[in-house]
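Q: So here's target_7.txt (compact mmCIF, C-alpha atoms and all ligand atoms).
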# COMPACT_ATOMS: atom_id res chain seq x y z
CA MET A 2 -2.33 23.74 -23.05
CA LYS A 3 -2.46 21.58 -19.94
CA ARG A 4 -1.01 22.68 -16.61
CA ARG A 5 2.21 20.99 -17.53
CA ASP A 6 3.32 19.98 -20.97
CA PHE A 7 5.52 17.21 -22.18
CA VAL A 8 7.76 18.64 -24.83
CA LYS A 9 9.79 16.28 -26.88
CA LEU A 10 13.04 17.85 -27.92
CA SER A 11 14.39 16.42 -31.13
CA SER A 12 17.87 17.63 -30.27
CA LEU A 13 17.79 15.54 -27.09
CA GLY A 14 16.73 12.40 -28.92
CA THR A 15 15.05 10.21 -26.34
CA THR A 16 14.66 12.98 -23.80
CA ALA A 17 11.54 14.89 -22.88
CA ILE A 18 11.18 17.95 -20.73
CA ILE A 19 8.29 18.45 -18.39
CA LEU A 20 7.66 22.17 -18.19
CA ASP A 21 6.61 23.02 -14.73
CA GLY A 22 3.42 25.05 -14.45
CA CYS A 23 2.99 26.69 -17.89
CA LYS A 24 0.02 28.65 -16.64
CA THR A 25 1.24 29.48 -13.16
CA LYS A 26 2.88 32.77 -12.27
CA ASP A 27 5.99 31.21 -10.86
CA SER A 28 6.63 29.00 -13.88
CA ALA A 29 9.38 31.25 -15.18
CA GLU A 30 11.37 30.74 -11.98
CA LYS A 31 11.09 26.98 -12.04
CA LYS A 32 13.65 24.92 -13.85
CA PRO A 33 12.19 22.29 -16.17
CA ILE A 34 12.57 18.74 -14.95
CA VAL A 35 14.19 16.53 -17.54
CA TYR A 36 13.03 12.96 -17.90
CA PRO A 37 13.67 10.42 -20.66
CA VAL A 38 10.57 10.00 -22.83
CA GLY A 39 9.72 6.55 -21.49
CA MET A 40 9.39 8.06 -18.04
CA LYS A 41 6.32 10.12 -18.87
CA ASN A 42 4.06 7.50 -17.40
CA ILE A 43 5.95 6.61 -14.22
CA LYS A 44 3.70 6.87 -11.20
CA VAL A 45 2.94 5.55 -7.73
CA ILE A 46 -0.30 5.19 -5.79
CA SER A 47 -0.69 4.09 -2.19
CA THR A 48 -3.37 3.88 0.47
CA TRP A 49 -4.19 6.60 2.99
CA ASN A 50 -2.40 9.87 3.59
CA ALA A 51 0.81 8.26 4.88
CA GLY A 52 1.14 7.31 1.23
CA LEU A 53 2.11 10.89 0.34
CA GLN A 54 5.52 10.58 2.00
CA ALA A 55 6.04 6.99 0.92
CA ASN A 56 5.16 7.88 -2.69
CA LYS A 57 7.77 10.63 -2.74
CA VAL A 58 10.55 8.18 -1.89
CA ALA A 59 9.18 5.56 -4.28
CA PHE A 60 8.93 8.14 -7.05
CA GLU A 61 12.56 9.21 -6.55
CA VAL A 62 13.55 5.62 -7.32
CA LEU A 63 11.47 5.62 -10.51
CA LYS A 64 12.72 9.05 -11.57
CA ASN A 65 16.28 7.79 -11.35
CA LYS A 66 15.40 4.98 -13.78
CA GLY A 67 14.90 2.56 -10.92
CA VAL A 68 12.67 -0.48 -11.20
CA ALA A 69 9.17 -0.65 -9.72
CA ILE A 70 10.05 -3.35 -7.18
CA ASP A 71 12.75 -1.10 -5.65
CA ALA A 72 10.30 1.79 -5.57
CA ILE A 73 7.80 -0.35 -3.66
CA GLU A 74 10.34 -1.52 -1.08
CA LYS A 75 11.92 1.89 -0.49
CA GLY A 76 8.56 3.65 -0.40
CA LEU A 77 6.98 1.23 2.07
CA ASN A 78 10.08 1.33 4.28
CA VAL A 79 9.29 5.00 4.97
CA THR A 80 5.94 4.18 6.59
CA GLU A 81 7.29 1.12 8.37
CA SER A 82 10.00 3.22 10.03
CA ASP A 83 7.67 6.08 10.97
CA LEU A 84 7.30 5.97 14.75
CA GLU A 85 4.12 8.04 14.59
CA ASN A 86 2.28 5.58 12.34
CA THR A 87 0.34 3.21 14.57
CA SER A 88 -0.67 0.70 11.88
CA VAL A 89 2.60 -0.18 10.18
CA GLY A 90 6.07 -1.34 11.29
CA ILE A 91 7.66 0.14 14.40
CA GLY A 92 5.06 1.98 16.50
CA GLY A 93 2.27 -0.26 15.16
CA LEU A 94 -0.46 -1.08 17.66
CA PRO A 95 -0.07 -4.54 19.20
CA ASP A 96 -2.41 -7.50 19.41
CA ALA A 97 -4.53 -8.21 22.49
CA ASN A 98 -1.49 -9.65 24.28
CA GLY A 99 0.62 -6.55 23.66
CA ASP A 100 2.71 -8.15 20.89
CA VAL A 101 3.36 -6.17 17.72
CA THR A 102 3.03 -8.69 14.89
CA LEU A 103 3.57 -7.58 11.31
CA ASP A 104 2.30 -8.80 7.92
CA ALA A 105 3.68 -7.80 4.51
CA CYS A 106 3.95 -8.99 0.93
CA ILE A 107 5.51 -7.88 -2.32
CA MET A 108 5.02 -8.89 -5.96
CA ASP A 109 6.85 -8.01 -9.17
CA HIS A 110 6.07 -7.96 -12.90
CA GLU A 111 7.11 -11.59 -13.41
CA PHE A 112 4.79 -13.18 -10.83
CA ASN A 113 7.62 -13.36 -8.30
CA CYS A 114 6.27 -12.79 -4.84
CA GLY A 115 7.32 -12.96 -1.21
CA SER A 116 5.48 -12.59 2.04
CA VAL A 117 5.88 -12.63 5.81
CA SER A 118 3.18 -12.98 8.42
CA TYR A 119 3.08 -12.78 12.20
CA LEU A 120 6.60 -11.35 12.14
CA LYS A 121 7.82 -9.88 15.42
CA ASN A 122 10.70 -7.51 16.26
CA ILE A 123 11.69 -6.57 12.72
CA GLU A 124 11.09 -2.98 11.66
CA ASN A 125 10.87 -3.49 7.88
CA PRO A 126 8.82 -6.58 7.03
CA ILE A 127 8.46 -5.59 3.37
CA SER A 128 12.23 -5.95 2.97
CA VAL A 129 12.11 -9.38 4.60
CA ALA A 130 9.26 -10.33 2.22
CA ARG A 131 11.47 -9.29 -0.68
CA LYS A 132 14.28 -11.50 0.63
CA VAL A 133 11.84 -14.40 0.87
CA MET A 134 10.96 -13.73 -2.78
CA GLU A 135 14.54 -13.45 -3.98
CA ASP A 136 16.54 -15.76 -1.74
CA THR A 137 14.24 -18.71 -1.06
CA PRO A 138 12.13 -21.11 -3.13
CA HIS A 139 9.13 -20.15 -0.95
CA VAL A 140 6.47 -17.46 -1.12
CA MET A 141 5.59 -17.10 2.55
CA LEU A 142 7.40 -17.36 5.87
CA SER A 143 5.57 -16.96 9.13
CA GLY A 144 6.17 -16.35 12.83
CA LYS A 145 9.42 -17.58 14.34
CA GLY A 146 10.60 -18.97 11.01
CA ALA A 147 10.18 -15.56 9.38
CA TYR A 148 12.00 -13.91 12.31
CA ASP A 149 14.90 -16.40 12.23
CA PHE A 150 15.20 -15.92 8.47
CA ALA A 151 15.30 -12.13 8.91
CA ILE A 152 18.02 -12.35 11.55
CA GLN A 153 19.99 -14.69 9.28
CA LYS A 154 19.69 -12.02 6.57
CA ASP A 155 21.16 -9.41 8.93
CA PHE A 156 17.97 -7.59 9.87
CA GLU A 157 18.19 -6.13 13.38
CA HIS A 158 16.11 -7.33 16.33
CA GLN A 159 14.10 -4.31 17.45
CA GLU A 160 11.53 -3.48 20.12
CA LEU A 161 8.55 -2.41 18.01
CA LEU A 162 6.18 -1.45 20.82
CA THR A 163 6.76 2.26 21.42
CA GLU A 164 5.87 3.95 24.70
CA SER A 165 2.85 5.63 23.13
CA SER A 166 1.55 2.41 21.50
CA LYS A 167 2.01 0.62 24.83
CA LYS A 168 0.02 3.35 26.57
CA MET A 169 -2.81 3.08 24.01
CA TRP A 170 -2.88 -0.70 24.38
CA LYS A 171 -3.05 -0.43 28.19
CA GLU A 172 -5.87 2.09 27.97
CA TRP A 173 -7.75 -0.18 25.56
CA LYS A 174 -7.40 -3.09 27.97
CA LEU A 175 -8.74 -1.07 30.87
CA GLU A 176 -11.50 0.79 29.09
CA ASN A 177 -12.84 -1.84 26.74
CA ASN A 178 -12.44 -4.91 28.84
CA ASN A 179 -10.63 -6.60 25.95
CA VAL A 180 -13.48 -6.06 23.47
CA LEU A 181 -12.07 -6.01 19.94
CA PRO A 182 -12.44 -2.50 18.46
CA ALA A 183 -13.69 -1.89 14.91
CA ILE A 184 -10.97 -2.15 12.34
CA ASN A 185 -9.99 0.67 10.11
CA HIS A 186 -12.52 3.25 11.17
CA GLU A 187 -10.35 5.20 13.52
CA ASN A 188 -7.25 3.04 13.70
CA HIS A 189 -6.25 2.57 10.10
CA ASP A 190 -3.17 3.41 8.06
CA THR A 191 -2.04 0.12 6.53
CA ILE A 192 -0.09 1.00 3.46
CA ALA A 193 -0.48 -0.80 0.14
CA MET A 194 1.27 0.57 -2.95
CA ILE A 195 1.45 0.11 -6.74
CA ALA A 196 4.28 1.52 -8.88
CA LEU A 197 4.74 1.72 -12.65
CA ASP A 198 8.33 2.16 -13.88
CA GLU A 199 9.84 3.58 -17.07
CA LYS A 200 9.94 0.17 -18.71
CA GLY A 201 6.17 -0.11 -18.19
CA ASN A 202 6.54 -2.75 -15.48
CA LEU A 203 4.33 -2.78 -12.42
CA SER A 204 5.10 -3.91 -8.87
CA THR A 205 3.00 -3.88 -5.73
CA GLY A 206 3.36 -4.39 -1.99
CA CYS A 207 1.57 -4.06 1.29
CA THR A 208 2.72 -3.77 4.93
CA THR A 209 0.81 -3.55 8.20
CA SER A 210 0.61 -4.29 11.89
CA GLY A 211 -2.97 -5.35 11.17
CA TRP A 212 -6.12 -4.99 13.17
CA ALA A 213 -5.27 -3.23 16.43
CA TYR A 214 -5.66 -5.49 19.50
CA LYS A 215 -6.49 -8.50 17.29
CA LEU A 216 -6.44 -11.96 18.84
CA GLY A 217 -2.92 -13.32 19.21
CA GLY A 218 -2.03 -15.28 16.05
CA ARG A 219 -4.45 -13.44 13.77
CA VAL A 220 -3.17 -12.82 10.23
CA GLY A 221 -5.02 -10.50 7.86
CA ASP A 222 -5.14 -10.07 4.10
CA SER A 223 -1.96 -8.03 3.86
CA PRO A 224 0.55 -10.90 3.54
CA ILE A 225 -1.73 -12.97 1.31
CA ILE A 226 -1.02 -12.87 -2.41
CA GLY A 227 -4.37 -12.46 -4.16
CA ALA A 228 -6.01 -10.85 -1.14
CA GLY A 229 -3.77 -7.98 0.04
CA VAL A 230 -2.13 -7.52 -3.37
CA TYR A 231 -2.14 -9.06 -6.83
CA LEU A 232 -0.46 -8.25 -10.10
CA ASP A 233 -0.37 -9.52 -13.65
CA ASN A 234 1.94 -7.31 -15.67
CA GLN A 235 -0.10 -7.88 -18.84
CA VAL A 236 -3.18 -6.53 -17.10
CA GLY A 237 -2.59 -4.44 -13.98
CA ALA A 238 -2.30 -4.52 -10.21
CA ALA A 239 -4.57 -4.09 -7.22
CA CYS A 240 -4.13 -3.87 -3.46
CA ALA A 241 -6.28 -3.57 -0.40
CA THR A 242 -6.82 -2.04 3.00
CA GLY A 243 -9.56 -2.52 5.55
CA MET A 244 -11.03 -5.56 7.21
CA GLY A 245 -8.71 -8.29 6.05
CA GLU A 246 -11.16 -11.09 6.81
CA ALA A 247 -13.66 -9.71 4.25
CA ILE A 248 -10.92 -9.12 1.68
CA ILE A 249 -9.56 -12.66 2.02
CA LYS A 250 -13.04 -14.17 1.55
CA ILE A 251 -13.37 -12.77 -1.98
CA CYS A 252 -9.63 -12.87 -2.89
CA GLY A 253 -10.12 -9.14 -3.36
CA SER A 254 -7.00 -8.02 -5.21
CA HIS A 255 -6.99 -11.05 -7.50
CA ALA A 256 -10.67 -10.46 -8.28
CA ILE A 257 -9.90 -6.89 -9.34
CA VAL A 258 -7.06 -7.94 -11.66
CA GLU A 259 -9.34 -10.56 -13.27
CA LEU A 260 -12.08 -7.96 -13.72
CA MET A 261 -9.58 -5.64 -15.44
CA ARG A 262 -8.48 -8.55 -17.64
CA ASN A 263 -12.09 -8.90 -18.73
CA GLY A 264 -12.40 -5.26 -19.69
CA SER A 265 -13.28 -3.34 -16.52
CA SER A 266 -11.49 -0.07 -15.83
CA PRO A 267 -9.52 0.00 -12.54
CA GLN A 268 -12.29 2.10 -11.04
CA GLU A 269 -15.10 -0.25 -12.12
CA ALA A 270 -13.12 -3.29 -11.00
CA CYS A 271 -12.58 -1.85 -7.50
CA LYS A 272 -16.28 -1.00 -7.25
CA ILE A 273 -17.39 -4.50 -8.30
CA ALA A 274 -15.05 -6.08 -5.71
CA VAL A 275 -16.40 -3.81 -2.95
CA GLN A 276 -19.97 -4.65 -3.95
CA ARG A 277 -19.12 -8.34 -3.87
CA ILE A 278 -18.05 -7.84 -0.25
CA LYS A 279 -21.18 -5.81 0.44
CA ASN A 280 -23.44 -8.51 -1.00
CA SER A 281 -21.72 -11.40 0.69
CA ASN A 282 -21.72 -10.07 4.25
CA LYS A 283 -24.90 -9.91 6.30
CA ASP A 284 -23.43 -7.54 8.87
CA LEU A 285 -21.81 -4.49 7.31
CA LYS A 286 -21.31 -2.66 10.60
CA ASP A 287 -17.76 -1.30 10.74
CA LEU A 288 -16.82 -3.36 7.71
CA GLN A 289 -14.62 -0.84 5.97
CA VAL A 290 -12.65 -2.08 2.95
CA GLY A 291 -10.85 -0.05 0.32
CA PHE A 292 -9.09 -1.05 -2.89
CA ILE A 293 -6.78 0.80 -5.25
CA ALA A 294 -5.83 -0.41 -8.72
CA MET A 295 -3.73 0.55 -11.71
CA ASN A 296 -3.81 -1.02 -15.14
CA LYS A 297 -0.96 -1.61 -17.54
CA ASN A 298 -1.59 1.79 -19.17
CA GLY A 299 -1.24 3.61 -15.87
CA GLU A 300 -4.97 4.30 -15.47
CA ILE A 301 -5.97 4.27 -11.81
CA GLY A 302 -9.05 3.73 -9.71
CA SER A 303 -10.25 3.05 -6.19
CA TYR A 304 -13.40 2.22 -4.26
CA SER A 305 -14.34 1.71 -0.62
CA LEU A 306 -17.42 0.44 1.14
CA TYR A 307 -17.69 3.41 3.50
CA SER A 308 -16.73 7.04 3.09
CA GLY A 309 -13.43 8.30 4.43
CA PHE A 310 -10.97 6.22 2.43
CA ASN A 311 -8.36 8.12 0.48
CA TYR A 312 -5.18 7.33 -1.39
CA ALA A 313 -2.03 9.14 -2.41
CA TYR A 314 -1.06 9.72 -6.03
CA GLN A 315 2.33 10.79 -7.36
CA ASP A 316 3.54 11.25 -10.92
CA ALA A 317 5.98 13.62 -12.60
CA GLN A 318 3.51 16.48 -12.36
CA GLU A 319 1.90 16.20 -8.98
CA SER A 320 1.55 14.62 -5.60
CA LYS A 321 -1.97 14.60 -4.19
CA LEU A 322 -4.46 12.84 -1.96
CA ILE A 323 -7.55 11.53 -3.75
CA ASP A 324 -10.83 10.84 -1.95
CA SER A 325 -12.12 7.45 -2.95
CA LYS A 326 -15.61 6.87 -4.25
CA PHE A 327 -17.70 4.77 -1.85
CA ASP A 328 -21.08 3.13 -1.30
CA LEU A 329 -22.10 3.98 2.27
CA GLU A 330 -21.80 6.88 4.69
CA TRP A 331 -20.94 6.19 8.31
CA ASP A 332 -23.96 6.71 10.62
N1 LIG B 401 -6.01 -5.01 6.00
C1 LIG B 401 -5.36 -4.93 7.27
C2 LIG B 401 -5.64 -6.18 8.05
O1 LIG B 401 -6.73 -6.73 7.96
C3 LIG B 401 -5.74 -3.76 8.10
C4 LIG B 401 -5.91 -2.43 7.43
O2 LIG B 401 -5.83 -2.31 6.23
O3 LIG B 401 -6.13 -1.44 8.15
O4 LIG B 401 -4.80 -6.60 8.80
Go through the file and emit its structure as structure tokens.

A:
Amino acid sequence: MKRRDFVKLSSLGTTAIILDGCKTKDSAEKKPIVYPVGMKNIKVISTWNAGLQANKVAFEVLKNKGVAIDAIEKGLNVTESDLENTSVGIGGLPDANGDVTLDACIMDHEFNCGSVSYLKNIENPISVARKVMEDTPHVMLSGKGAYDFAIQKDFEHQELLTESSKKMWKEWKLENNNVLPAINHENHDTIAMIALDEKGNLSTGCTTSGWAYKLGGRVGDSPIIGAGVYLDNQVGAACATGMGEAIIKICGSHAIVELMRNGSSPQEACKIAVQRIKNSNKDLKDLQVGFIAMNKNGEIGSYSLYSGFNYAYQDAQESKLIDSKFDLEWD
């Protein structure tokens, strides 16, 4: 018997019970969690360890029969609003000029997608991206236009540069003489997420403040459909973190979905995409990239160029951090 069992109760018709910890000592004390049968496969994955908290909120949505797109928005909002997280939303590290500029995109099971880039002073860009998707005929709004749209949709103007992010930016200016630091080695946390709901529909999204101290105006992969995220509900979904420039050049997330369409597992597809980046870049120094993917059946995979990438997994049984497979060790 596995650690937890799904027991279909005929008397409950379409209901299944997940028995918590059949083999653990405390199982007798735990009440079984009751989910409808179709919910057995509901799950969420997201990049880095901030994903653990975000997954919990996303999973609550799915557990309550919510749809994957709601799970993505609510889950990513958690990281965006976390003042301690220096790579996403409020508290995100600014660009070289000291401006916090945010990128985000979201995509559902029917190819609907929305995106914002170079968005300032709005705490939850993923929610603005969703509004772009649902309330406009466009896919992407950028800069002042994205900000004006957000204000029109009743999002609040916020100061996103926290005292601690400001201090870090000032120190960087003094110590590094404005030299761009490596992305995603020590200053990562961009969150990208994939959710599978009880109807078997996938959604995905991504939100970030991007490369810390980037040049003013720089936009990464995270708001770009096909680079930061991609999804075909008949096949699966993929999303990315790491050096956005390298991810954009191979349309990373789209490539992974196409590889899955042609028979690769999520794991193999992520590895092939990473190796495409490895083979197409002469200088691999500091070029960290990481992908996560989930196919239509809920199978998952990930791969990164360098060691150190991990992602958070949550289903009805467990919430855990998984170390990604990788090609290279840091020196
Ligand atoms: N992909 C993001 C960007 O290039 C950064 C990251 O994932 O850390 O903006």

Q: Got a sec to check which residues lie within 7 Å of ligand LIG 401 (chain B), using only C-alpha atoms and all ligand atoms, and send them as a VMD selection string?

A: chain A and resid 88 184 to 185 189 to 191 209 to 212 220 to 223 241 to 246

Q: Considering only C-alpha atoms, state which residue in the set A:Lys121, A:His255, A:Lys200, A:Lys168 is at the smallest distance from Gly144 of chain A.

A: A:Lys121

Q: By how many Å are atom CA of Asn56 of chain A and atom CA of Ala274 of chain A apart?

A: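 Separation of atom CA of Asn56 of chain A and atom CA of Ala274 of chain A: 24.7 Å.
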
Q: Measure the distance from atom CA of Pro95 of chain A to atom CA of Asp284 of chain A in Å and round it to one decimal.

A: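 Between these atoms lies a distance of 25.7 Å.
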
Q: Between A:Glu176, A:Glu85, A:Asp316, A:Asp155, which has the minimum distance to Lys132 of chain A (counting only C-alpha atoms)?

A: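 Closest to Lys132 of chain A, using only C-alpha atoms: A:Asp155.
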
Q: What is the distance, in Å and to one decimal place, between atom CA of Gly309 of chain A and atom CA of Lys75 of chain A?

A: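 Atom CA of Gly309 of chain A sits 26.6 Å away from atom CA of Lys75 of chain A.
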
Q: For Lys174 of chain A, list every protein, DNA or RNA residue within 10 Å, evaluated using only C-alpha atoms, and leave out those in the same chain fewer than 4 positions away; present the list as a list in words.

A: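 Skipping anything fewer than 4 positions along the chain leaves Ala97, Asn98, Gly99, Lys168, Met169, Trp170, Asn178, Asn179, Val180, Leu181 and Tyr214 of chain A.
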
Q: Name the closest residue to Leu63 of chain A among the candidates A:Gly90, A:Ile293, A:Ala270, A:Leu203; distances are taken between atoms, counting all atoms listed in the file.

A: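 Of the candidates, the smallest distance to Leu63 of chain A is held by A:Leu203.
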
Q: Write out as a PyMOL selection string which residues come within 6 Å of Tyr231 of chain A when counting only C-alpha atoms, dropping same-chain ones fewer than 4 positions away.

A: chain A and resi 226-227+238-239+254-255

Q: Since the input lacks atoms, please generate N, CA, C and O atoms for segment 163-180 of chain A and provide them as a PDB file, keeping the file's coordinate frame.

A:
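Saved the output as selection32.pdb:
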ATOM      1  N   THR A 163       6.288   0.973  20.905  1.00  0.00           N
ATOM      2  CA  THR A 163       6.760   2.260  21.420  1.00  0.00           C
ATOM      3  C   THR A 163       6.003   2.588  22.710  1.00  0.00           C
ATOM      4  O   THR A 163       4.957   2.000  22.991  1.00  0.00           O
ATOM      5  N   GLU A 164       6.525   3.554  23.444  1.00  0.00           N
ATOM      6  CA  GLU A 164       5.870   3.950  24.700  1.00  0.00           C
ATOM      7  C   GLU A 164       4.429   4.377  24.440  1.00  0.00           C
ATOM      8  O   GLU A 164       3.512   4.000  25.175  1.00  0.00           O
ATOM      9  N   SER A 165       4.215   5.139  23.362  1.00  0.00           N
ATOM     10  CA  SER A 165       2.850   5.630  23.130  1.00  0.00           C
ATOM     11  C   SER A 165       1.918   4.497  22.690  1.00  0.00           C
ATOM     12  O   SER A 165       0.752   4.461  23.093  1.00  0.00           O
ATOM     13  N   SER A 166       2.415   3.537  21.890  1.00  0.00           N
ATOM     14  CA  SER A 166       1.550   2.410  21.500  1.00  0.00           C
ATOM     15  C   SER A 166       1.224   1.546  22.717  1.00  0.00           C
ATOM     16  O   SER A 166       0.108   1.041  22.859  1.00  0.00           O
ATOM     17  N   LYS A 167       2.217   1.415  23.607  1.00  0.00           N
ATOM     18  CA  LYS A 167       2.010   0.620  24.830  1.00  0.00           C
ATOM     19  C   LYS A 167       0.924   1.269  25.686  1.00  0.00           C
ATOM     20  O   LYS A 167       0.040   0.606  26.226  1.00  0.00           O
ATOM     21  N   LYS A 168       0.998   2.596  25.776  1.00  0.00           N
ATOM     22  CA  LYS A 168       0.020   3.350  26.570  1.00  0.00           C
ATOM     23  C   LYS A 168      -1.389   3.150  25.985  1.00  0.00           C
ATOM     24  O   LYS A 168      -2.348   2.887  26.721  1.00  0.00           O
ATOM     25  N   MET A 169      -1.500   3.243  24.653  1.00  0.00           N
ATOM     26  CA  MET A 169      -2.810   3.080  24.010  1.00  0.00           C
ATOM     27  C   MET A 169      -3.351   1.671  24.241  1.00  0.00           C
ATOM     28  O   MET A 169      -4.535   1.477  24.481  1.00  0.00           O
ATOM     29  N   TRP A 170      -2.465   0.703  24.163  1.00  0.00           N
ATOM     30  CA  TRP A 170      -2.880  -0.700  24.380  1.00  0.00           C
ATOM     31  C   TRP A 170      -3.375  -0.895  25.821  1.00  0.00           C
ATOM     32  O   TRP A 170      -4.420  -1.510  26.059  1.00  0.00           O
ATOM     33  N   LYS A 171      -2.641  -0.304  26.778  1.00  0.00           N
ATOM     34  CA  LYS A 171      -3.050  -0.430  28.190  1.00  0.00           C
ATOM     35  C   LYS A 171      -4.393   0.228  28.427  1.00  0.00           C
ATOM     36  O   LYS A 171      -5.252  -0.304  29.122  1.00  0.00           O
ATOM     37  N   GLU A 172      -4.587   1.382  27.820  1.00  0.00           N
ATOM     38  CA  GLU A 172      -5.870   2.090  27.970  1.00  0.00           C
ATOM     39  C   GLU A 172      -7.006   1.254  27.376  1.00  0.00           C
ATOM     40  O   GLU A 172      -8.080   1.148  27.940  1.00  0.00           O
ATOM     41  N   TRP A 173      -6.726   0.662  26.199  1.00  0.00           N
ATOM     42  CA  TRP A 173      -7.750  -0.180  25.560  1.00  0.00           C
ATOM     43  C   TRP A 173      -8.130  -1.337  26.464  1.00  0.00           C
ATOM     44  O   TRP A 173      -9.302  -1.643  26.642  1.00  0.00           O
ATOM     45  N   LYS A 174      -7.137  -1.951  27.081  1.00  0.00           N
ATOM     46  CA  LYS A 174      -7.400  -3.090  27.970  1.00  0.00           C
ATOM     47  C   LYS A 174      -8.294  -2.696  29.138  1.00  0.00           C
ATOM     48  O   LYS A 174      -9.230  -3.385  29.493  1.00  0.00           O
ATOM     49  N   LEU A 175      -7.963  -1.535  29.713  1.00  0.00           N
ATOM     50  CA  LEU A 175      -8.740  -1.070  30.870  1.00  0.00           C
ATOM     51  C   LEU A 175     -10.155  -0.648  30.482  1.00  0.00           C
ATOM     52  O   LEU A 175     -11.132  -1.081  31.063  1.00  0.00           O
ATOM     53  N   GLU A 176     -10.213   0.180  29.432  1.00  0.00           N
ATOM     54  CA  GLU A 176     -11.500   0.790  29.090  1.00  0.00           C
ATOM     55  C   GLU A 176     -12.465  -0.150  28.390  1.00  0.00           C
ATOM     56  O   GLU A 176     -13.671  -0.044  28.536  1.00  0.00           O
ATOM     57  N   ASN A 177     -11.947  -1.029  27.568  1.00  0.00           N
ATOM     58  CA  ASN A 177     -12.840  -1.840  26.740  1.00  0.00           C
ATOM     59  C   ASN A 177     -12.977  -3.268  27.203  1.00  0.00           C
ATOM     60  O   ASN A 177     -13.624  -4.077  26.544  1.00  0.00           O
ATOM     61  N   ASN A 178     -12.338  -3.580  28.301  1.00  0.00           N
ATOM     62  CA  ASN A 178     -12.440  -4.910  28.840  1.00  0.00           C
ATOM     63  C   ASN A 178     -12.146  -5.968  27.763  1.00  0.00           C
ATOM     64  O   ASN A 178     -12.874  -6.938  27.583  1.00  0.00           O
ATOM     65  N   ASN A 179     -11.102  -5.685  26.989  1.00  0.00           N
ATOM     66  CA  ASN A 179     -10.630  -6.600  25.950  1.00  0.00           C
ATOM     67  C   ASN A 179     -11.588  -6.802  24.780  1.00  0.00           C
ATOM     68  O   ASN A 179     -11.456  -7.753  24.031  1.00  0.00           O
ATOM     69  N   VAL A 180     -12.574  -5.920  24.616  1.00  0.00           N
ATOM     70  CA  VAL A 180     -13.480  -6.060  23.470  1.00  0.00           C
ATOM     71  C   VAL A 180     -12.779  -5.535  22.215  1.00  0.00           C
ATOM     72  O   VAL A 180     -12.268  -4.417  22.203  1.00  0.00           O
TER      73      VAL A 180
END
